[in-house]
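Q: For reference, this is entry24.txt, and it has compact mmCIF, N, CA and C atoms.
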# COMPACT_ATOMS: atom_id res chain seq x y z
N MET A 1 15.29 58.13 -17.96
CA MET A 1 16.01 57.26 -17.03
C MET A 1 16.76 56.21 -17.85
N ASN A 2 18.01 55.95 -17.49
CA ASN A 2 18.78 54.96 -18.24
C ASN A 2 18.66 53.58 -17.60
N ASN A 3 19.13 52.57 -18.31
CA ASN A 3 19.01 51.19 -17.83
C ASN A 3 19.76 50.95 -16.53
N GLY A 4 20.86 51.66 -16.32
CA GLY A 4 21.62 51.51 -15.09
C GLY A 4 20.84 51.97 -13.88
N GLU A 5 20.11 53.08 -14.03
CA GLU A 5 19.28 53.59 -12.94
C GLU A 5 18.12 52.63 -12.64
N GLU A 6 17.49 52.11 -13.71
CA GLU A 6 16.39 51.16 -13.53
C GLU A 6 16.87 49.90 -12.82
N SER A 7 18.01 49.40 -13.25
CA SER A 7 18.58 48.20 -12.65
C SER A 7 18.90 48.43 -11.18
N GLY A 8 19.44 49.59 -10.86
CA GLY A 8 19.77 49.92 -9.47
C GLY A 8 18.52 50.01 -8.61
N ARG A 9 17.46 50.61 -9.15
CA ARG A 9 16.20 50.70 -8.41
C ARG A 9 15.58 49.33 -8.21
N GLU A 10 15.66 48.49 -9.22
CA GLU A 10 15.13 47.13 -9.10
C GLU A 10 15.88 46.36 -8.02
N GLU A 11 17.20 46.50 -7.98
CA GLU A 11 18.00 45.83 -6.96
C GLU A 11 17.66 46.35 -5.57
N ASP A 12 17.51 47.68 -5.43
CA ASP A 12 17.13 48.26 -4.14
C ASP A 12 15.76 47.75 -3.71
N SER A 13 14.83 47.71 -4.64
CA SER A 13 13.48 47.23 -4.34
C SER A 13 13.50 45.77 -3.93
N LYS A 14 14.30 44.97 -4.62
CA LYS A 14 14.41 43.54 -4.30
C LYS A 14 15.00 43.37 -2.90
N ARG A 15 16.06 44.12 -2.57
CA ARG A 15 16.67 44.05 -1.25
C ARG A 15 15.68 44.47 -0.17
N ASP A 16 14.95 45.56 -0.44
CA ASP A 16 13.95 46.03 0.53
C ASP A 16 12.87 44.98 0.74
N GLY A 17 12.43 44.34 -0.34
CA GLY A 17 11.41 43.29 -0.24
C GLY A 17 11.91 42.10 0.54
N GLU A 18 13.15 41.69 0.31
CA GLU A 18 13.73 40.55 1.03
C GLU A 18 13.87 40.88 2.52
N LYS A 19 14.28 42.11 2.81
CA LYS A 19 14.43 42.53 4.21
C LYS A 19 13.06 42.54 4.89
N LEU A 20 12.05 43.08 4.22
CA LEU A 20 10.71 43.13 4.78
C LEU A 20 10.18 41.72 5.03
N PHE A 21 10.39 40.82 4.07
CA PHE A 21 9.92 39.45 4.24
C PHE A 21 10.61 38.78 5.42
N ARG A 22 11.91 38.94 5.54
CA ARG A 22 12.66 38.36 6.66
C ARG A 22 12.15 38.90 7.99
N LEU A 23 11.91 40.21 8.05
CA LEU A 23 11.40 40.81 9.28
C LEU A 23 9.99 40.31 9.62
N MET A 24 9.16 40.11 8.60
CA MET A 24 7.81 39.58 8.83
C MET A 24 7.89 38.20 9.45
N VAL A 25 8.67 37.32 8.85
CA VAL A 25 8.77 35.94 9.36
C VAL A 25 9.37 35.93 10.75
N GLU A 26 10.42 36.71 10.97
CA GLU A 26 11.06 36.73 12.28
C GLU A 26 10.16 37.31 13.36
N SER A 27 9.21 38.16 12.99
CA SER A 27 8.35 38.82 13.96
C SER A 27 7.14 38.00 14.39
N VAL A 28 6.75 37.00 13.62
CA VAL A 28 5.58 36.19 13.94
C VAL A 28 5.85 35.44 15.25
N SER A 29 4.94 35.59 16.22
CA SER A 29 5.19 34.95 17.51
C SER A 29 4.25 33.78 17.81
N ASP A 30 3.11 33.68 17.14
CA ASP A 30 2.18 32.58 17.40
C ASP A 30 2.46 31.33 16.57
N TYR A 31 3.28 31.47 15.55
CA TYR A 31 3.61 30.34 14.68
C TYR A 31 5.12 30.15 14.64
N SER A 32 5.51 28.92 14.76
CA SER A 32 6.91 28.54 14.60
C SER A 32 7.18 28.45 13.10
N ILE A 33 8.16 29.20 12.63
CA ILE A 33 8.53 29.16 11.22
C ILE A 33 10.04 29.01 11.16
N PHE A 34 10.49 27.92 10.53
CA PHE A 34 11.93 27.76 10.39
C PHE A 34 12.27 26.98 9.12
N ALA A 35 13.46 27.24 8.62
CA ALA A 35 13.96 26.57 7.43
C ALA A 35 14.85 25.40 7.84
N ILE A 36 14.81 24.37 7.00
CA ILE A 36 15.56 23.14 7.25
C ILE A 36 16.34 22.82 5.97
N ASP A 37 17.60 22.44 6.09
CA ASP A 37 18.35 22.07 4.89
C ASP A 37 17.95 20.66 4.44
N PRO A 38 18.35 20.22 3.26
CA PRO A 38 17.95 18.89 2.77
C PRO A 38 18.34 17.74 3.70
N ALA A 39 19.36 17.94 4.53
CA ALA A 39 19.80 16.89 5.45
C ALA A 39 19.05 16.93 6.79
N GLY A 40 18.15 17.92 6.98
CA GLY A 40 17.36 17.99 8.19
C GLY A 40 17.90 18.91 9.27
N ARG A 41 18.93 19.71 8.95
CA ARG A 41 19.48 20.66 9.93
C ARG A 41 18.74 22.01 9.83
N ILE A 42 18.51 22.62 10.96
CA ILE A 42 17.79 23.88 11.02
C ILE A 42 18.68 25.02 10.53
N LEU A 43 18.14 25.82 9.60
CA LEU A 43 18.87 26.94 9.02
C LEU A 43 18.44 28.29 9.59
N SER A 44 17.18 28.39 9.99
CA SER A 44 16.67 29.63 10.55
C SER A 44 15.64 29.29 11.61
N TRP A 45 15.34 30.26 12.47
CA TRP A 45 14.49 30.00 13.64
C TRP A 45 13.84 31.32 14.02
N ASN A 46 12.53 31.44 13.92
CA ASN A 46 11.89 32.72 14.22
C ASN A 46 11.48 32.84 15.68
N LYS A 47 10.95 34.01 16.04
CA LYS A 47 10.51 34.28 17.41
C LYS A 47 9.42 33.30 17.83
N GLY A 48 8.53 32.96 16.91
CA GLY A 48 7.48 32.00 17.21
C GLY A 48 8.03 30.63 17.57
N ALA A 49 9.10 30.21 16.90
CA ALA A 49 9.73 28.93 17.23
C ALA A 49 10.30 28.98 18.65
N GLU A 50 10.87 30.12 19.01
CA GLU A 50 11.36 30.28 20.38
C GLU A 50 10.21 30.15 21.37
N GLU A 51 9.09 30.80 21.06
CA GLU A 51 7.92 30.75 21.95
C GLU A 51 7.35 29.33 22.05
N VAL A 52 7.21 28.67 20.91
CA VAL A 52 6.57 27.35 20.87
C VAL A 52 7.46 26.28 21.51
N PHE A 53 8.73 26.24 21.12
CA PHE A 53 9.61 25.15 21.54
C PHE A 53 10.54 25.50 22.71
N GLY A 54 10.72 26.79 23.00
CA GLY A 54 11.53 27.17 24.16
C GLY A 54 13.02 27.28 23.89
N TYR A 55 13.47 27.01 22.68
CA TYR A 55 14.89 27.13 22.34
C TYR A 55 15.15 28.50 21.71
N ARG A 56 16.28 29.10 22.05
CA ARG A 56 16.70 30.32 21.38
C ARG A 56 17.28 29.97 20.01
N LYS A 57 17.27 30.92 19.13
CA LYS A 57 17.79 30.74 17.78
C LYS A 57 19.22 30.17 17.80
N GLU A 58 20.06 30.71 18.68
CA GLU A 58 21.46 30.28 18.76
C GLU A 58 21.59 28.81 19.16
N GLU A 59 20.59 28.29 19.85
CA GLU A 59 20.63 26.90 20.28
C GLU A 59 20.21 25.93 19.17
N MET A 60 19.41 26.41 18.21
CA MET A 60 18.84 25.48 17.24
C MET A 60 19.43 25.55 15.84
N VAL A 61 19.89 26.70 15.41
CA VAL A 61 20.46 26.80 14.06
C VAL A 61 21.67 25.87 13.98
N GLY A 62 21.64 24.99 12.99
CA GLY A 62 22.70 24.00 12.81
C GLY A 62 22.37 22.64 13.41
N GLU A 63 21.35 22.59 14.25
CA GLU A 63 20.95 21.33 14.88
C GLU A 63 19.93 20.59 14.02
N SER A 64 19.79 19.30 14.25
CA SER A 64 18.80 18.51 13.54
C SER A 64 17.40 18.86 14.03
N PHE A 65 16.47 19.02 13.10
CA PHE A 65 15.11 19.31 13.52
C PHE A 65 14.47 18.10 14.18
N ALA A 66 15.08 16.94 14.05
CA ALA A 66 14.59 15.73 14.72
C ALA A 66 14.60 15.88 16.24
N ALA A 67 15.41 16.79 16.77
CA ALA A 67 15.46 17.02 18.22
C ALA A 67 14.12 17.47 18.78
N LEU A 68 13.24 17.99 17.92
CA LEU A 68 11.93 18.47 18.35
C LEU A 68 10.90 17.36 18.45
N PHE A 69 11.23 16.18 17.95
CA PHE A 69 10.32 15.05 17.94
C PHE A 69 10.51 14.19 19.18
N THR A 70 9.49 13.44 19.53
CA THR A 70 9.59 12.54 20.68
C THR A 70 10.58 11.43 20.36
N PRO A 71 11.16 10.81 21.39
CA PRO A 71 12.07 9.69 21.15
C PRO A 71 11.41 8.56 20.34
N GLU A 72 10.13 8.30 20.60
CA GLU A 72 9.44 7.24 19.86
C GLU A 72 9.37 7.57 18.37
N ASP A 73 9.03 8.81 18.06
CA ASP A 73 8.94 9.20 16.66
C ASP A 73 10.31 9.20 15.98
N ARG A 74 11.33 9.62 16.71
CA ARG A 74 12.69 9.58 16.14
C ARG A 74 13.08 8.15 15.83
N SER A 75 12.78 7.22 16.74
CA SER A 75 13.18 5.82 16.52
C SER A 75 12.40 5.18 15.36
N HIS A 76 11.24 5.75 15.04
CA HIS A 76 10.44 5.23 13.92
C HIS A 76 10.67 6.01 12.62
N GLY A 77 11.64 6.92 12.62
CA GLY A 77 11.98 7.65 11.40
C GLY A 77 10.98 8.71 10.97
N VAL A 78 10.16 9.18 11.90
CA VAL A 78 9.13 10.15 11.55
C VAL A 78 9.71 11.47 11.01
N PRO A 79 10.77 12.04 11.61
CA PRO A 79 11.29 13.30 11.06
C PRO A 79 11.73 13.15 9.59
N GLU A 80 12.43 12.08 9.30
CA GLU A 80 12.90 11.85 7.92
C GLU A 80 11.71 11.64 6.98
N ARG A 81 10.71 10.92 7.46
CA ARG A 81 9.53 10.66 6.64
C ARG A 81 8.76 11.95 6.36
N GLU A 82 8.74 12.84 7.34
CA GLU A 82 8.07 14.13 7.14
C GLU A 82 8.71 14.90 5.99
N LEU A 83 10.04 14.90 5.94
CA LEU A 83 10.74 15.58 4.84
C LEU A 83 10.53 14.85 3.52
N GLU A 84 10.60 13.53 3.54
CA GLU A 84 10.38 12.75 2.32
C GLU A 84 8.99 13.00 1.75
N ASN A 85 7.98 13.03 2.62
CA ASN A 85 6.61 13.27 2.17
C ASN A 85 6.45 14.67 1.59
N ALA A 86 7.08 15.64 2.22
CA ALA A 86 7.01 17.01 1.70
C ALA A 86 7.60 17.06 0.30
N ARG A 87 8.72 16.39 0.12
CA ARG A 87 9.39 16.41 -1.19
C ARG A 87 8.57 15.66 -2.24
N SER A 88 8.06 14.49 -1.90
CA SER A 88 7.37 13.68 -2.91
C SER A 88 5.94 14.14 -3.16
N GLU A 89 5.29 14.73 -2.15
CA GLU A 89 3.88 15.11 -2.30
C GLU A 89 3.67 16.62 -2.41
N GLY A 90 4.75 17.40 -2.23
CA GLY A 90 4.64 18.85 -2.30
C GLY A 90 4.33 19.52 -0.98
N ARG A 91 3.91 18.74 0.00
CA ARG A 91 3.64 19.25 1.35
C ARG A 91 3.40 18.07 2.26
N SER A 92 3.81 18.22 3.50
CA SER A 92 3.55 17.22 4.52
C SER A 92 2.82 17.90 5.66
N ARG A 93 1.58 17.50 5.89
CA ARG A 93 0.80 18.04 7.02
C ARG A 93 0.84 17.02 8.14
N GLU A 94 1.13 17.50 9.33
CA GLU A 94 1.23 16.61 10.48
C GLU A 94 0.67 17.27 11.73
N SER A 95 0.06 16.48 12.57
CA SER A 95 -0.32 16.89 13.93
C SER A 95 0.15 15.76 14.83
N ARG A 96 1.05 16.08 15.73
CA ARG A 96 1.63 15.05 16.60
C ARG A 96 2.32 15.70 17.79
N TRP A 97 2.70 14.86 18.73
CA TRP A 97 3.45 15.33 19.89
C TRP A 97 4.88 15.69 19.49
N HIS A 98 5.36 16.78 20.03
CA HIS A 98 6.74 17.22 19.89
C HIS A 98 7.26 17.53 21.29
N LEU A 99 8.53 17.91 21.35
CA LEU A 99 9.15 18.21 22.64
C LEU A 99 9.60 19.66 22.73
N ARG A 100 9.40 20.24 23.91
CA ARG A 100 9.96 21.56 24.21
C ARG A 100 11.36 21.36 24.79
N LYS A 101 12.07 22.46 24.90
CA LYS A 101 13.41 22.43 25.47
C LYS A 101 13.42 21.80 26.86
N ASP A 102 12.39 22.10 27.66
CA ASP A 102 12.34 21.58 29.02
C ASP A 102 11.92 20.11 29.10
N GLY A 103 11.69 19.49 27.94
CA GLY A 103 11.32 18.07 27.90
C GLY A 103 9.83 17.82 27.92
N SER A 104 9.04 18.86 28.15
CA SER A 104 7.59 18.67 28.15
C SER A 104 7.09 18.48 26.71
N ARG A 105 5.96 17.82 26.62
CA ARG A 105 5.38 17.55 25.31
C ARG A 105 4.33 18.58 24.96
N LEU A 106 4.24 18.88 23.68
CA LEU A 106 3.20 19.76 23.18
C LEU A 106 2.66 19.18 21.88
N TRP A 107 1.37 19.39 21.65
CA TRP A 107 0.73 18.90 20.43
C TRP A 107 0.93 19.97 19.37
N VAL A 108 1.63 19.62 18.31
CA VAL A 108 1.96 20.57 17.26
C VAL A 108 1.19 20.22 16.00
N SER A 109 0.57 21.23 15.43
CA SER A 109 -0.12 21.09 14.17
C SER A 109 0.62 21.96 13.16
N GLY A 110 1.00 21.37 12.05
CA GLY A 110 1.76 22.16 11.09
C GLY A 110 1.99 21.46 9.78
N MET A 111 2.86 22.07 8.99
CA MET A 111 3.18 21.53 7.68
C MET A 111 4.63 21.82 7.33
N VAL A 112 5.13 20.99 6.44
CA VAL A 112 6.46 21.18 5.89
C VAL A 112 6.30 21.28 4.38
N ASP A 113 6.90 22.30 3.79
CA ASP A 113 6.89 22.49 2.35
C ASP A 113 8.32 22.48 1.84
N PRO A 114 8.55 21.88 0.67
CA PRO A 114 9.89 21.94 0.10
C PRO A 114 10.18 23.34 -0.46
N MET A 115 11.43 23.74 -0.41
CA MET A 115 11.87 25.00 -1.02
C MET A 115 12.79 24.62 -2.18
N GLU A 116 12.52 25.20 -3.34
CA GLU A 116 13.33 24.92 -4.52
C GLU A 116 13.89 26.22 -5.07
N ASP A 117 15.04 26.10 -5.73
CA ASP A 117 15.60 27.27 -6.38
C ASP A 117 14.88 27.49 -7.71
N GLU A 118 15.28 28.49 -8.44
CA GLU A 118 14.61 28.84 -9.70
C GLU A 118 14.69 27.76 -10.76
N THR A 119 15.59 26.80 -10.60
CA THR A 119 15.69 25.71 -11.58
C THR A 119 15.01 24.42 -11.09
N GLY A 120 14.37 24.48 -9.93
CA GLY A 120 13.64 23.32 -9.42
C GLY A 120 14.45 22.39 -8.54
N ASN A 121 15.67 22.78 -8.20
CA ASN A 121 16.50 21.95 -7.31
C ASN A 121 16.10 22.18 -5.86
N LEU A 122 15.98 21.11 -5.10
CA LEU A 122 15.65 21.21 -3.69
C LEU A 122 16.78 21.90 -2.94
N ILE A 123 16.42 22.96 -2.20
CA ILE A 123 17.43 23.65 -1.39
C ILE A 123 17.11 23.53 0.09
N GLY A 124 15.94 22.97 0.42
CA GLY A 124 15.58 22.78 1.82
C GLY A 124 14.08 22.72 1.98
N TYR A 125 13.66 22.97 3.21
CA TYR A 125 12.24 22.90 3.56
C TYR A 125 11.91 24.05 4.49
N VAL A 126 10.64 24.39 4.55
CA VAL A 126 10.17 25.34 5.55
C VAL A 126 9.08 24.65 6.36
N LYS A 127 9.19 24.77 7.68
CA LYS A 127 8.20 24.19 8.57
C LYS A 127 7.46 25.33 9.25
N VAL A 128 6.13 25.28 9.17
CA VAL A 128 5.26 26.24 9.83
C VAL A 128 4.39 25.43 10.76
N ALA A 129 4.41 25.77 12.04
CA ALA A 129 3.68 24.97 13.02
C ALA A 129 3.17 25.85 14.15
N ARG A 130 2.17 25.32 14.84
CA ARG A 130 1.65 26.05 16.00
C ARG A 130 1.37 25.06 17.12
N ASP A 131 1.39 25.58 18.31
CA ASP A 131 1.09 24.79 19.49
C ASP A 131 -0.43 24.64 19.58
N ALA A 132 -0.92 23.43 19.44
CA ALA A 132 -2.36 23.15 19.50
C ALA A 132 -2.70 22.32 20.73
N THR A 133 -1.83 22.34 21.73
CA THR A 133 -2.02 21.53 22.94
C THR A 133 -3.35 21.84 23.63
N GLU A 134 -3.69 23.11 23.76
CA GLU A 134 -4.94 23.48 24.44
C GLU A 134 -6.16 22.94 23.70
N GLU A 135 -6.08 22.89 22.37
CA GLU A 135 -7.21 22.39 21.59
C GLU A 135 -7.49 20.92 21.87
N ILE A 136 -6.44 20.12 21.99
CA ILE A 136 -6.69 18.69 22.24
C ILE A 136 -6.97 18.41 23.71
N ALA A 137 -6.51 19.31 24.58
CA ALA A 137 -6.76 19.13 26.01
C ALA A 137 -8.24 19.29 26.34
N GLY A 138 -8.95 20.07 25.54
CA GLY A 138 -10.35 20.31 25.77
C GLY A 138 -11.26 19.21 25.25
N ARG A 139 -10.70 18.21 24.61
CA ARG A 139 -11.51 17.12 24.06
C ARG A 139 -11.92 16.15 25.12
Please re-express this file's structure in structure tokens.

A:
Amino acid sequence: MNNGEESGREEDSKRDGEKLFRLMVESVSDYSIFAIDPAGRILSWNKGAEEVFGYRKEEMVGESFAALFTPEDRSHGVPERELENARSEGRSRESRWHLRKDGSRLWVSGMVDPMEDETGNLIGYVKVARDATEEIAGR
């Protein structure tokens, strides 16, 4: 086998792996998983995010992730602080009230992790969260 064939197979394998990973994330329905750019705008939105927050992907991509926070938290800079903490500490774990599309509140437990390119430059964040409302309602 020559180097050109090996390189082509490696590229095919890499593409297949990236496609599989994208499909895995998009298919998860119990967890909200979405990417956020360094400025706080949503870059991706999985099926779980649709289930948890009630917004379709088309409604949220390009929007500020701060829209998911309560007005009180937005006025206190909580969304920005969540990203700052993720960047400075390597992860930000939070459990707090968030808002669904219909305006109802839900207790969200999750984390934000920074995403860096191969040279260590920040390219955004990934937020993984779940609806934990039933857990706190039973207390």

Q: Excluding Asp30 (chain A) and residues on its chain fewer than 2 positions from it, collect all residues at most 8 Å away from it, counting only N, CA and C atoms, and give them as a list in words.

A: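 With the cut-off at 8 Å, the set is Ser27, Val28, Ser32, Ile33, Lys47, Gly48, Ala49, Glu51, Val52, Ala129, Arg130 and Asp131 of chain A.
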
Q: Since we have the selection now, will you write its residues out, keeping N, CA and C atoms, as a PDB file, keeping the file's coordinate frame?

A:
ATOM      1  N   SER A  27       9.210  38.160  12.990  1.00  0.00           N
ATOM      2  CA  SER A  27       8.350  38.820  13.960  1.00  0.00           C
ATOM      3  C   SER A  27       7.140  38.000  14.390  1.00  0.00           C
ATOM      4  N   VAL A  28       6.750  37.000  13.620  1.00  0.00           N
ATOM      5  CA  VAL A  28       5.580  36.190  13.940  1.00  0.00           C
ATOM      6  C   VAL A  28       5.850  35.440  15.250  1.00  0.00           C
ATOM      7  N   SER A  32       5.510  28.920  14.760  1.00  0.00           N
ATOM      8  CA  SER A  32       6.910  28.540  14.600  1.00  0.00           C
ATOM      9  C   SER A  32       7.180  28.450  13.100  1.00  0.00           C
ATOM     10  N   ILE A  33       8.160  29.200  12.630  1.00  0.00           N
ATOM     11  CA  ILE A  33       8.530  29.160  11.220  1.00  0.00           C
ATOM     12  C   ILE A  33      10.040  29.010  11.160  1.00  0.00           C
ATOM     13  N   LYS A  47      10.950  34.010  16.040  1.00  0.00           N
ATOM     14  CA  LYS A  47      10.510  34.280  17.410  1.00  0.00           C
ATOM     15  C   LYS A  47       9.420  33.300  17.830  1.00  0.00           C
ATOM     16  N   GLY A  48       8.530  32.960  16.910  1.00  0.00           N
ATOM     17  CA  GLY A  48       7.480  32.000  17.210  1.00  0.00           C
ATOM     18  C   GLY A  48       8.030  30.630  17.570  1.00  0.00           C
ATOM     19  N   ALA A  49       9.100  30.210  16.900  1.00  0.00           N
ATOM     20  CA  ALA A  49       9.730  28.930  17.230  1.00  0.00           C
ATOM     21  C   ALA A  49      10.300  28.980  18.650  1.00  0.00           C
ATOM     22  N   GLU A  51       9.090  30.800  21.060  1.00  0.00           N
ATOM     23  CA  GLU A  51       7.920  30.750  21.950  1.00  0.00           C
ATOM     24  C   GLU A  51       7.350  29.330  22.050  1.00  0.00           C
ATOM     25  N   VAL A  52       7.210  28.670  20.910  1.00  0.00           N
ATOM     26  CA  VAL A  52       6.570  27.350  20.870  1.00  0.00           C
ATOM     27  C   VAL A  52       7.460  26.280  21.510  1.00  0.00           C
ATOM     28  N   ALA A 129       4.410  25.770  12.040  1.00  0.00           N
ATOM     29  CA  ALA A 129       3.680  24.970  13.020  1.00  0.00           C
ATOM     30  C   ALA A 129       3.170  25.850  14.150  1.00  0.00           C
ATOM     31  N   ARG A 130       2.170  25.320  14.840  1.00  0.00           N
ATOM     32  CA  ARG A 130       1.650  26.050  16.000  1.00  0.00           C
ATOM     33  C   ARG A 130       1.370  25.060  17.120  1.00  0.00           C
ATOM     34  N   ASP A 131       1.390  25.580  18.310  1.00  0.00           N
ATOM     35  CA  ASP A 131       1.090  24.790  19.490  1.00  0.00           C
ATOM     36  C   ASP A 131      -0.430  24.640  19.580  1.00  0.00           C
TER      37      ASP A 131
END

Q: Give me the residues near region 54-65 of chain A as a list of chain:residue names, where near means some atom within 9 Å (using only C-alpha atoms) and where sequence neighbours in that chain fewer than 6 positions away do not count.

A: A:Ile36, A:Ala39, A:Gly40, A:Arg41, A:Ile42, A:Leu43, A:Ser44, A:Trp45, A:Asn46, A:Lys47, A:Pro79, A:Arg100, A:Lys101, A:Asp102

Q: With N, CA and C atoms retained, export the selected residues as a CSV table (one decimal), in the coordinates of the input.

A:
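Result went into part-v5.csv, see below:
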chain,number,residue,atom,x,y,z
A,36,ILE,N,14.8,24.4,7.0
A,36,ILE,CA,15.6,23.1,7.2
A,36,ILE,C,16.3,22.8,6.0
A,39,ALA,N,19.4,17.9,4.5
A,39,ALA,CA,19.8,16.9,5.4
A,39,ALA,C,19.0,16.9,6.8
A,40,GLY,N,18.2,17.9,7.0
A,40,GLY,CA,17.4,18.0,8.2
A,40,GLY,C,17.9,18.9,9.3
A,41,ARG,N,18.9,19.7,9.0
A,41,ARG,CA,19.5,20.7,9.9
A,41,ARG,C,18.7,22.0,9.8
A,42,ILE,N,18.5,22.6,11.0
A,42,ILE,CA,17.8,23.9,11.0
A,42,ILE,C,18.7,25.0,10.5
A,43,LEU,N,18.1,25.8,9.6
A,43,LEU,CA,18.9,26.9,9.0
A,43,LEU,C,18.4,28.3,9.6
A,44,SER,N,17.2,28.4,10.0
A,44,SER,CA,16.7,29.6,10.6
A,44,SER,C,15.6,29.3,11.6
A,45,TRP,N,15.3,30.3,12.5
A,45,TRP,CA,14.5,30.0,13.6
A,45,TRP,C,13.8,31.3,14.0
A,46,ASN,N,12.5,31.4,13.9
A,46,ASN,CA,11.9,32.7,14.2
A,46,ASN,C,11.5,32.8,15.7
A,47,LYS,N,11.0,34.0,16.0
A,47,LYS,CA,10.5,34.3,17.4
A,47,LYS,C,9.4,33.3,17.8
A,79,PRO,N,10.8,12.0,11.6
A,79,PRO,CA,11.3,13.3,11.1
A,79,PRO,C,11.7,13.2,9.6
A,100,ARG,N,9.4,20.2,23.9
A,100,ARG,CA,10.0,21.6,24.2
A,100,ARG,C,11.4,21.4,24.8
A,101,LYS,N,12.1,22.5,24.9
A,101,LYS,CA,13.4,22.4,25.5
A,101,LYS,C,13.4,21.8,26.9
A,102,ASP,N,12.4,22.1,27.7
A,102,ASP,CA,12.3,21.6,29.0
A,102,ASP,C,11.9,20.1,29.1

Q: Could you go through region 14-104 of chain A and tell me which residues DSSP, when run on the backbone, assigns to strand (DSSP E), listing them as a PyMOL selection string?

A: chain A and resi 32-36+92-99

Q: Using only C-alpha atoms, pick whichever of A:Ser75, A:Asn85, A:Thr133, A:Thr70 has the shortest atom-to-atom distance to Met111 (chain A).

A: A:Asn85

Q: Which residue gives the smallest distance to His98 (chain A) among A:Ala86, A:Leu122, A:Val112, A:Ala67, with all atoms listed in the file counted?

A: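 Closest to His98 (chain A) of all the choices is A:Ala67.
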
Q: Out of region 12-135 of chain A, which residues get alpha helix (DSSP H) from DSSP, as a count of residues only?

A: 47

Q: Any idea what's packed within 9 Å of Leu83 (chain A), counting only C-alpha atoms, ignoring anything in its chain fewer than 6 positions away? Could you give it as a PDB file with N, CA and C atoms, in the coordinates of the input?

A:
ATOM      1  N   PRO A  38      18.350  20.220   3.260  1.00  0.00           N
ATOM      2  CA  PRO A  38      17.950  18.890   2.770  1.00  0.00           C
ATOM      3  C   PRO A  38      18.340  17.740   3.700  1.00  0.00           C
ATOM      4  N   GLY A  40      18.150  17.920   6.980  1.00  0.00           N
ATOM      5  CA  GLY A  40      17.360  17.990   8.190  1.00  0.00           C
ATOM      6  C   GLY A  40      17.900  18.910   9.270  1.00  0.00           C
ATOM      7  N   ARG A  91       3.910  18.740   0.000  1.00  0.00           N
ATOM      8  CA  ARG A  91       3.640  19.250   1.350  1.00  0.00           C
ATOM      9  C   ARG A  91       3.400  18.070   2.260  1.00  0.00           C
ATOM     10  N   SER A  92       3.810  18.220   3.500  1.00  0.00           N
ATOM     11  CA  SER A  92       3.550  17.220   4.520  1.00  0.00           C
ATOM     12  C   SER A  92       2.820  17.900   5.660  1.00  0.00           C
ATOM     13  N   VAL A 112       5.130  20.990   6.440  1.00  0.00           N
ATOM     14  CA  VAL A 112       6.460  21.180   5.890  1.00  0.00           C
ATOM     15  C   VAL A 112       6.300  21.280   4.380  1.00  0.00           C
ATOM     16  N   ASP A 113       6.900  22.300   3.790  1.00  0.00           N
ATOM     17  CA  ASP A 113       6.890  22.490   2.350  1.00  0.00           C
ATOM     18  C   ASP A 113       8.320  22.480   1.840  1.00  0.00           C
ATOM     19  N   PRO A 114       8.550  21.880   0.670  1.00  0.00           N
ATOM     20  CA  PRO A 114       9.890  21.940   0.100  1.00  0.00           C
ATOM     21  C   PRO A 114      10.180  23.340  -0.460  1.00  0.00           C
ATOM     22  N   TYR A 125      13.660  22.970   3.210  1.00  0.00           N
ATOM     23  CA  TYR A 125      12.240  22.900   3.560  1.00  0.00           C
ATOM     24  C   TYR A 125      11.910  24.050   4.490  1.00  0.00           C
TER      25      TYR A 125
END

Q: Nearest to Arg74 (chain A): which of A:Trp97, A:Gly120, A:Val126, A:Tyr31 is it, counting only C-alpha atoms?

A: A:Trp97

Q: Using only N, CA and C atoms, which of the listed residues (A:Leu68, A:Lys127, A:Met115, A:Arg105) sits closest to Arg87 (chain A)?

A: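 Using only N, CA and C atoms, Arg87 (chain A) sits closest to A:Met115.
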
Q: Could you tell me how far CA of Glu116 (chain A) sits from atom N of Gly90 (chain A), in Å to one decimal place?

A: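 Computing it gives 11.6 Å between the two atoms.
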
Q: Could you work out how far atom N of Phe53 (chain A) lies from atom N of Gly103 (chain A), giving the answer in Å with one decimal?

A: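 That distance, rounded to one decimal, is 10.0 Å.
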
Q: Looking at only C-alpha atoms, which of A:Glu89, A:Ser104, A:Leu99, A:Glu118 is the one that sits closest to Asp73 (chain A)?

A: A:Leu99
